[in-house]
$ cat structure_36.txt   # compact mmCIF, N, CA and C atoms
# COMPACT_ATOMS: atom_id res chain seq x y z
N MET A 2 68.93 15.71 150.64
CA MET A 2 70.14 15.34 149.98
C MET A 2 71.33 15.58 150.91
N ALA A 3 71.88 14.52 151.40
CA ALA A 3 72.98 14.63 152.34
C ALA A 3 74.29 15.00 151.64
N VAL A 4 74.39 14.67 150.36
CA VAL A 4 75.62 14.95 149.62
C VAL A 4 75.83 16.44 149.49
N LEU A 5 74.77 17.19 149.25
CA LEU A 5 74.87 18.63 149.06
C LEU A 5 74.52 19.37 150.33
N GLY A 6 75.06 18.91 151.43
CA GLY A 6 74.78 19.53 152.72
C GLY A 6 75.51 20.86 152.88
N SER A 7 75.37 21.43 154.07
CA SER A 7 75.93 22.77 154.31
C SER A 7 77.46 22.76 154.25
N THR A 8 78.11 21.66 154.69
CA THR A 8 79.57 21.62 154.63
C THR A 8 80.05 21.56 153.18
N TYR A 9 79.30 20.83 152.34
CA TYR A 9 79.67 20.75 150.93
C TYR A 9 79.49 22.11 150.27
N ARG A 10 78.43 22.81 150.60
CA ARG A 10 78.21 24.15 150.06
C ARG A 10 79.31 25.10 150.50
N ALA A 11 79.70 25.02 151.75
CA ALA A 11 80.77 25.89 152.26
C ALA A 11 82.10 25.59 151.57
N LYS A 12 82.37 24.31 151.34
CA LYS A 12 83.60 23.93 150.64
C LYS A 12 83.58 24.44 149.20
N ALA A 13 82.42 24.35 148.55
CA ALA A 13 82.30 24.85 147.18
C ALA A 13 82.52 26.36 147.12
N CYS A 14 81.94 27.08 148.07
CA CYS A 14 82.14 28.54 148.13
C CYS A 14 83.61 28.87 148.39
N ASN A 15 84.23 28.12 149.30
CA ASN A 15 85.65 28.36 149.57
C ASN A 15 86.52 28.09 148.34
N GLU A 16 86.19 27.03 147.61
CA GLU A 16 86.96 26.70 146.41
C GLU A 16 86.80 27.78 145.34
N ILE A 17 85.61 28.25 145.15
CA ILE A 17 85.37 29.33 144.18
C ILE A 17 86.11 30.59 144.62
N GLU A 18 86.04 30.90 145.89
CA GLU A 18 86.73 32.08 146.43
C GLU A 18 88.24 31.95 146.25
N ARG A 19 88.78 30.77 146.52
CA ARG A 19 90.21 30.54 146.35
C ARG A 19 90.62 30.73 144.89
N GLY A 20 89.83 30.19 143.98
CA GLY A 20 90.13 30.36 142.55
C GLY A 20 90.11 31.82 142.14
N LEU A 21 89.12 32.57 142.64
CA LEU A 21 89.06 34.00 142.31
C LEU A 21 90.25 34.76 142.90
N ARG A 22 90.66 34.43 144.11
CA ARG A 22 91.82 35.10 144.70
C ARG A 22 93.09 34.81 143.91
N ASN A 23 93.24 33.57 143.44
CA ASN A 23 94.40 33.24 142.61
C ASN A 23 94.38 34.01 141.31
N ILE A 24 93.22 34.15 140.71
CA ILE A 24 93.09 34.92 139.47
C ILE A 24 93.41 36.38 139.72
N GLU A 25 92.90 36.91 140.83
CA GLU A 25 93.19 38.31 141.15
C GLU A 25 94.68 38.52 141.44
N LYS A 26 95.32 37.51 142.00
CA LYS A 26 96.76 37.60 142.26
C LYS A 26 97.55 37.59 140.95
N ASP A 27 97.10 36.79 139.98
CA ASP A 27 97.79 36.69 138.69
C ASP A 27 97.42 37.80 137.72
N MET A 28 96.59 38.73 138.16
CA MET A 28 96.06 39.76 137.27
C MET A 28 97.18 40.57 136.60
N THR A 29 98.21 40.94 137.33
CA THR A 29 99.29 41.74 136.76
C THR A 29 100.57 40.92 136.59
N SER A 30 100.41 39.61 136.58
CA SER A 30 101.58 38.75 136.41
C SER A 30 102.06 38.79 134.97
N GLU A 31 103.36 38.88 134.80
CA GLU A 31 103.93 38.89 133.45
C GLU A 31 104.26 37.47 133.00
N ASP A 32 104.23 36.52 133.93
CA ASP A 32 104.56 35.14 133.59
C ASP A 32 103.44 34.47 132.82
N LYS A 33 102.23 34.91 133.04
CA LYS A 33 101.07 34.26 132.45
C LYS A 33 100.63 35.00 131.20
N SER A 34 100.46 34.27 130.12
CA SER A 34 100.01 34.92 128.89
C SER A 34 98.54 35.29 129.01
N ASP A 35 98.12 36.18 128.11
CA ASP A 35 96.72 36.61 128.14
C ASP A 35 95.78 35.44 127.89
N ALA A 36 96.17 34.54 126.98
CA ALA A 36 95.31 33.40 126.67
C ALA A 36 95.13 32.51 127.91
N ASP A 37 96.21 32.25 128.62
CA ASP A 37 96.12 31.42 129.83
C ASP A 37 95.28 32.12 130.90
N PHE A 38 95.48 33.43 131.03
CA PHE A 38 94.74 34.17 132.05
C PHE A 38 93.25 34.15 131.77
N PHE A 39 92.87 34.44 130.52
CA PHE A 39 91.45 34.45 130.18
C PHE A 39 90.86 33.04 130.17
N ASN A 40 91.68 32.04 129.93
CA ASN A 40 91.22 30.65 130.05
C ASN A 40 90.88 30.35 131.52
N ASP A 41 91.74 30.81 132.43
CA ASP A 41 91.45 30.62 133.86
C ASP A 41 90.15 31.33 134.26
N LEU A 42 89.95 32.52 133.70
CA LEU A 42 88.71 33.25 133.99
C LEU A 42 87.49 32.49 133.49
N SER A 43 87.59 31.91 132.30
CA SER A 43 86.43 31.19 131.76
C SER A 43 86.16 29.92 132.57
N VAL A 44 87.22 29.27 133.05
CA VAL A 44 87.03 28.09 133.90
C VAL A 44 86.35 28.48 135.21
N ALA A 45 86.78 29.58 135.80
CA ALA A 45 86.15 30.05 137.04
C ALA A 45 84.69 30.41 136.80
N ASP A 46 84.42 31.05 135.67
CA ASP A 46 83.04 31.41 135.33
C ASP A 46 82.18 30.16 135.16
N TYR A 47 82.73 29.16 134.49
CA TYR A 47 82.00 27.90 134.31
C TYR A 47 81.73 27.24 135.66
N ASN A 48 82.74 27.22 136.54
CA ASN A 48 82.56 26.60 137.86
C ASN A 48 81.48 27.31 138.67
N MET A 49 81.43 28.63 138.55
CA MET A 49 80.39 29.37 139.28
C MET A 49 79.00 29.06 138.74
N ASP A 50 78.88 28.99 137.41
CA ASP A 50 77.59 28.65 136.83
C ASP A 50 77.16 27.24 137.23
N PHE A 51 78.11 26.32 137.24
CA PHE A 51 77.81 24.95 137.63
C PHE A 51 77.37 24.89 139.10
N ALA A 52 78.08 25.63 139.95
CA ALA A 52 77.71 25.66 141.37
C ALA A 52 76.33 26.27 141.56
N ARG A 53 76.00 27.25 140.76
CA ARG A 53 74.66 27.86 140.86
C ARG A 53 73.59 26.88 140.42
N GLN A 54 73.86 26.12 139.36
CA GLN A 54 72.89 25.14 138.88
C GLN A 54 72.63 24.05 139.92
N LEU A 55 73.67 23.69 140.67
CA LEU A 55 73.50 22.70 141.73
C LEU A 55 72.97 23.32 143.02
N ASP A 56 72.73 24.62 142.99
CA ASP A 56 72.21 25.36 144.13
C ASP A 56 73.19 25.35 145.30
N LEU A 57 74.50 25.39 144.95
CA LEU A 57 75.53 25.45 145.99
C LEU A 57 75.80 26.90 146.40
N ILE A 58 75.56 27.83 145.50
CA ILE A 58 75.71 29.24 145.83
C ILE A 58 74.40 29.95 145.46
N THR A 59 74.16 31.05 146.10
CA THR A 59 72.94 31.79 145.83
C THR A 59 73.12 32.69 144.61
N GLU A 60 72.02 33.24 144.17
CA GLU A 60 72.06 34.14 143.01
C GLU A 60 72.87 35.40 143.35
N GLN A 61 72.76 35.89 144.56
CA GLN A 61 73.50 37.07 144.97
C GLN A 61 75.01 36.79 144.99
N GLN A 62 75.39 35.61 145.48
CA GLN A 62 76.80 35.24 145.46
C GLN A 62 77.32 35.14 144.03
N LEU A 63 76.52 34.54 143.15
CA LEU A 63 76.91 34.42 141.75
C LEU A 63 77.12 35.79 141.13
N LEU A 64 76.21 36.72 141.39
CA LEU A 64 76.36 38.07 140.83
C LEU A 64 77.60 38.76 141.39
N ALA A 65 77.87 38.57 142.67
CA ALA A 65 79.06 39.18 143.27
C ALA A 65 80.33 38.61 142.65
N TYR A 66 80.36 37.28 142.44
CA TYR A 66 81.53 36.66 141.81
C TYR A 66 81.69 37.14 140.36
N LYS A 67 80.57 37.26 139.64
CA LYS A 67 80.63 37.72 138.25
C LYS A 67 81.16 39.16 138.18
N GLU A 68 80.76 39.99 139.15
CA GLU A 68 81.27 41.38 139.18
C GLU A 68 82.77 41.39 139.43
N ARG A 69 83.23 40.51 140.31
CA ARG A 69 84.68 40.43 140.56
C ARG A 69 85.42 39.97 139.31
N ILE A 70 84.86 39.00 138.59
CA ILE A 70 85.50 38.53 137.35
C ILE A 70 85.55 39.66 136.32
N ALA A 71 84.45 40.40 136.19
CA ALA A 71 84.43 41.51 135.24
C ALA A 71 85.46 42.57 135.62
N ALA A 72 85.60 42.84 136.92
CA ALA A 72 86.59 43.83 137.37
C ALA A 72 88.01 43.35 137.09
N VAL A 73 88.25 42.06 137.28
CA VAL A 73 89.58 41.50 137.02
C VAL A 73 89.89 41.55 135.52
N GLU A 74 88.91 41.20 134.68
CA GLU A 74 89.12 41.28 133.22
C GLU A 74 89.47 42.71 132.81
N GLU A 75 88.73 43.66 133.32
CA GLU A 75 88.97 45.07 132.98
C GLU A 75 90.34 45.53 133.46
N ALA A 76 90.70 45.11 134.67
CA ALA A 76 92.00 45.50 135.21
C ALA A 76 93.14 44.89 134.40
N ARG A 77 92.97 43.65 133.95
CA ARG A 77 94.01 43.00 133.13
C ARG A 77 94.16 43.72 131.80
N ARG A 78 93.04 44.06 131.18
CA ARG A 78 93.11 44.78 129.91
C ARG A 78 93.75 46.16 130.09
N ASP A 79 93.38 46.85 131.16
CA ASP A 79 93.98 48.16 131.42
C ASP A 79 95.48 48.04 131.67
N PHE A 80 95.87 47.01 132.42
CA PHE A 80 97.28 46.80 132.70
C PHE A 80 98.06 46.54 131.42
N ARG A 81 97.54 45.67 130.56
CA ARG A 81 98.22 45.37 129.30
C ARG A 81 98.28 46.60 128.40
N ASN A 82 97.19 47.37 128.37
CA ASN A 82 97.17 48.59 127.56
C ASN A 82 98.21 49.57 128.08
N PHE A 83 98.27 49.76 129.39
CA PHE A 83 99.27 50.64 129.98
C PHE A 83 100.68 50.15 129.67
N GLU A 84 100.86 48.84 129.76
CA GLU A 84 102.17 48.26 129.52
C GLU A 84 102.61 48.51 128.08
N ARG A 85 101.68 48.40 127.14
CA ARG A 85 102.03 48.60 125.73
C ARG A 85 102.26 50.07 125.40
N THR A 86 101.45 50.96 125.94
CA THR A 86 101.52 52.36 125.52
C THR A 86 102.45 53.20 126.38
N GLU A 87 102.38 53.06 127.68
CA GLU A 87 103.13 53.94 128.56
C GLU A 87 104.57 53.50 128.78
N SER A 88 104.82 52.21 128.81
CA SER A 88 106.18 51.77 129.06
C SER A 88 106.97 51.60 127.78
N ARG A 89 106.38 51.95 126.67
CA ARG A 89 107.06 51.98 125.37
C ARG A 89 107.65 50.64 124.97
N HIS A 90 106.89 49.59 125.20
CA HIS A 90 107.31 48.27 124.74
C HIS A 90 106.70 47.98 123.37
N ILE A 91 106.51 49.02 122.60
CA ILE A 91 105.90 48.85 121.29
C ILE A 91 106.98 48.37 120.32
N VAL A 92 106.69 47.33 119.60
CA VAL A 92 107.65 46.77 118.67
C VAL A 92 107.35 47.33 117.29
N ASP A 93 108.35 47.93 116.69
CA ASP A 93 108.22 48.49 115.36
C ASP A 93 109.08 47.66 114.42
N ASP A 94 108.45 46.90 113.54
CA ASP A 94 109.18 46.00 112.65
C ASP A 94 109.77 46.70 111.44
N PHE A 95 109.42 47.96 111.21
CA PHE A 95 109.93 48.66 110.05
C PHE A 95 111.39 49.03 110.26
N GLU A 96 112.21 48.73 109.27
CA GLU A 96 113.61 49.09 109.34
C GLU A 96 113.92 50.01 108.17
N ASN A 97 114.49 51.14 108.45
CA ASN A 97 114.83 52.11 107.42
C ASN A 97 115.92 51.52 106.53
N PRO A 98 115.69 51.45 105.20
CA PRO A 98 116.69 50.87 104.30
C PRO A 98 118.01 51.62 104.32
N ARG A 99 117.97 52.94 104.46
CA ARG A 99 119.21 53.71 104.48
C ARG A 99 120.03 53.37 105.73
N GLU A 100 119.35 53.21 106.86
CA GLU A 100 120.07 52.84 108.07
C GLU A 100 120.67 51.45 107.95
N ARG A 101 119.93 50.54 107.32
CA ARG A 101 120.44 49.18 107.14
C ARG A 101 121.68 49.19 106.25
N VAL A 102 121.64 49.95 105.14
CA VAL A 102 122.79 50.03 104.24
C VAL A 102 123.98 50.63 104.96
N ALA A 103 123.75 51.70 105.71
CA ALA A 103 124.84 52.34 106.45
C ALA A 103 125.44 51.37 107.47
N ARG A 104 124.60 50.59 108.13
CA ARG A 104 125.10 49.63 109.12
C ARG A 104 125.95 48.57 108.46
N TYR A 105 125.51 48.04 107.31
CA TYR A 105 126.28 47.02 106.62
C TYR A 105 127.56 47.60 106.02
N GLU A 106 127.53 48.85 105.56
CA GLU A 106 128.75 49.47 105.06
C GLU A 106 129.75 49.62 106.19
N ASP A 107 129.27 50.01 107.37
CA ASP A 107 130.16 50.11 108.52
C ASP A 107 130.76 48.74 108.85
N LEU A 108 129.95 47.69 108.77
CA LEU A 108 130.46 46.35 109.04
C LEU A 108 131.52 45.97 108.02
N ASP A 109 131.31 46.32 106.76
CA ASP A 109 132.32 46.02 105.73
C ASP A 109 133.62 46.77 106.01
N ALA A 110 133.52 48.02 106.43
CA ALA A 110 134.73 48.79 106.76
C ALA A 110 135.45 48.15 107.94
N TYR A 111 134.71 47.73 108.96
CA TYR A 111 135.33 47.07 110.11
C TYR A 111 136.00 45.76 109.70
N ARG A 112 135.34 45.01 108.85
CA ARG A 112 135.93 43.74 108.39
C ARG A 112 137.21 43.99 107.61
N ARG A 113 137.23 45.02 106.74
CA ARG A 113 138.45 45.34 105.99
C ARG A 113 139.57 45.72 106.95
N GLN A 114 139.22 46.53 107.96
CA GLN A 114 140.24 46.94 108.92
C GLN A 114 140.77 45.73 109.69
N ILE A 115 139.88 44.83 110.09
CA ILE A 115 140.30 43.63 110.81
C ILE A 115 141.20 42.77 109.93
N ASN A 116 140.82 42.60 108.66
CA ASN A 116 141.64 41.79 107.75
C ASN A 116 143.01 42.43 107.54
N ASN A 117 143.07 43.77 107.41
CA ASN A 117 144.35 44.45 107.25
C ASN A 117 145.21 44.27 108.50
N ASP A 118 144.60 44.40 109.68
CA ASP A 118 145.34 44.20 110.93
C ASP A 118 145.87 42.78 111.04
N ARG A 119 145.06 41.82 110.67
CA ARG A 119 145.51 40.42 110.71
C ARG A 119 146.65 40.18 109.73
N ALA A 120 146.54 40.76 108.54
CA ALA A 120 147.61 40.58 107.54
C ALA A 120 148.91 41.20 108.02
N SER A 121 148.83 42.40 108.62
CA SER A 121 150.06 43.03 109.11
C SER A 121 150.64 42.24 110.29
N ASP A 122 149.77 41.72 111.16
CA ASP A 122 150.26 40.89 112.26
C ASP A 122 150.92 39.62 111.74
N ALA A 123 150.33 39.02 110.73
CA ALA A 123 150.90 37.81 110.15
C ALA A 123 152.26 38.12 109.52
N LEU A 124 152.37 39.25 108.83
CA LEU A 124 153.64 39.63 108.22
C LEU A 124 154.69 39.90 109.28
N ASP A 125 154.29 40.58 110.37
CA ASP A 125 155.23 40.83 111.47
C ASP A 125 155.70 39.53 112.10
N ASN A 126 154.79 38.60 112.30
CA ASN A 126 155.15 37.30 112.87
C ASN A 126 156.10 36.54 111.96
N LYS A 127 155.86 36.63 110.67
CA LYS A 127 156.72 35.95 109.70
C LYS A 127 158.12 36.55 109.74
N ARG A 128 158.19 37.88 109.81
CA ARG A 128 159.50 38.54 109.85
C ARG A 128 160.25 38.19 111.14
N GLU A 129 159.50 38.11 112.26
CA GLU A 129 160.14 37.74 113.52
C GLU A 129 160.70 36.33 113.45
N ARG A 130 159.96 35.42 112.89
CA ARG A 130 160.43 34.03 112.76
C ARG A 130 161.66 33.96 111.86
N GLN A 131 161.63 34.71 110.76
CA GLN A 131 162.77 34.69 109.85
C GLN A 131 163.99 35.35 110.49
N ALA A 132 163.77 36.38 111.30
CA ALA A 132 164.89 37.04 111.98
C ALA A 132 165.53 36.10 112.99
N LYS A 133 164.73 35.28 113.64
CA LYS A 133 165.26 34.34 114.62
C LYS A 133 166.07 33.24 113.94
N THR A 134 165.66 32.83 112.75
CA THR A 134 166.37 31.76 112.05
C THR A 134 167.51 32.30 111.20
N GLY A 135 167.53 33.59 110.93
CA GLY A 135 168.62 34.19 110.17
C GLY A 135 168.42 34.11 108.67
N THR A 136 167.24 33.78 108.19
CA THR A 136 166.99 33.68 106.76
C THR A 136 166.27 34.91 106.24
N PHE A 137 166.25 35.94 107.02
CA PHE A 137 165.50 37.14 106.66
C PHE A 137 166.37 38.05 105.81
N ARG A 138 165.80 38.54 104.73
CA ARG A 138 166.45 39.54 103.90
C ARG A 138 165.62 40.79 103.94
N SER A 139 166.24 41.89 104.09
CA SER A 139 165.50 43.14 104.09
C SER A 139 165.09 43.49 102.68
N SER A 140 164.15 44.37 102.55
CA SER A 140 163.69 44.76 101.22
C SER A 140 164.78 45.51 100.45
N GLU A 141 165.70 46.18 101.18
CA GLU A 141 166.81 46.85 100.50
C GLU A 141 167.74 45.84 99.86
N ASN A 142 168.01 44.76 100.57
CA ASN A 142 168.86 43.70 100.02
C ASN A 142 168.20 43.07 98.81
N ASP A 143 166.85 42.90 98.87
CA ASP A 143 166.15 42.32 97.74
C ASP A 143 166.26 43.21 96.53
N ASP A 144 166.18 44.55 96.75
CA ASP A 144 166.28 45.49 95.64
C ASP A 144 167.68 45.45 95.04
N ARG A 145 168.72 45.32 95.85
CA ARG A 145 170.10 45.27 95.34
C ARG A 145 170.34 44.02 94.54
N ILE A 146 169.77 42.93 94.94
CA ILE A 146 169.97 41.65 94.25
C ILE A 146 169.32 41.71 92.88
N ARG A 147 168.16 42.29 92.82
CA ARG A 147 167.43 42.35 91.56
C ARG A 147 168.13 43.23 90.54
N LYS A 148 168.85 44.28 90.98
CA LYS A 148 169.50 45.21 90.06
C LYS A 148 170.72 44.63 89.55

$ encode --input "structure_36.txt" --output "structure tokens"
Amino acid sequence: MAVLGSTYRAKACNEIERGLRNIEKDMTSEDKSDADFFNDLSVADYNMDFARQLDLITEQQLLAYKERIAAVEEARRDFRNFERTESRHIVDDFENPRERVARYEDLDAYRRQINNDRASDALDNKRERQAKTGTFRSSENDDRIRK
């Protein structure tokens, strides 16, 4: 069989090796999700089995590649476990109701303060405009007129 000659076998081994090196490089990558990573591993595993069936790689090479894949899987799981437990990226969805109420009460107090500040600023602006036009009456004058 000229198609499956020694150069073709060498190219197949190189391609499998290149795929494994890429997987090992992406082992601790944060860009790749676990599903994508394990999908790449299963594709590499399938390619190795297919190459073995075509007798492109020997049984010893297949076992060595499988050991590397198992080591990469274990390293990825260990890395993710370390990332979740040691770096404290644990997400806790529970929210204390008392803290939530206190936070919203604080927001209401801030909103009241902001509204009061805006109202006083608006009143000051109105008085300034009236003072410029000369139509401003002081509250003392208003009290005298009413009496």

$ residues_around --input "structure_36.txt" --residues "A:Val73" --least-positions-apart "4" --cutoff "8 Å" --atoms "all atoms listed in the file" --output "MDAnalysis selection string"
chainID A and resid 24:25 28 67:69 77:79

$ atom_distance --input "structure_36.txt" --atom1 "atom C of A:Asp56" --atom2 "atom C of A:Arg10"
8.0 Å

$ atom_distance --input "structure_36.txt" --atom1 "atom N of A:Ala72" --atom2 "atom N of A:Val44"
14.2 Å

$ closest_residue --input "structure_36.txt" --among "A:Ser121, A:Gln131, A:Asn97, A:Thr29" --to "A:Phe80" --atoms "only N, CA and C atoms"
A:Thr29

$ atom_distance --input "structure_36.txt" --atom1 "atom CA of A:Tyr9" --atom2 "atom C of A:Leu57"
8.6 Å

$ closest_residue --input "structure_36.txt" --among "A:Phe51, A:Tyr111, A:Phe39, A:Phe83" --to "A:Ala71" --atoms "only C-alpha atoms"
A:Phe39
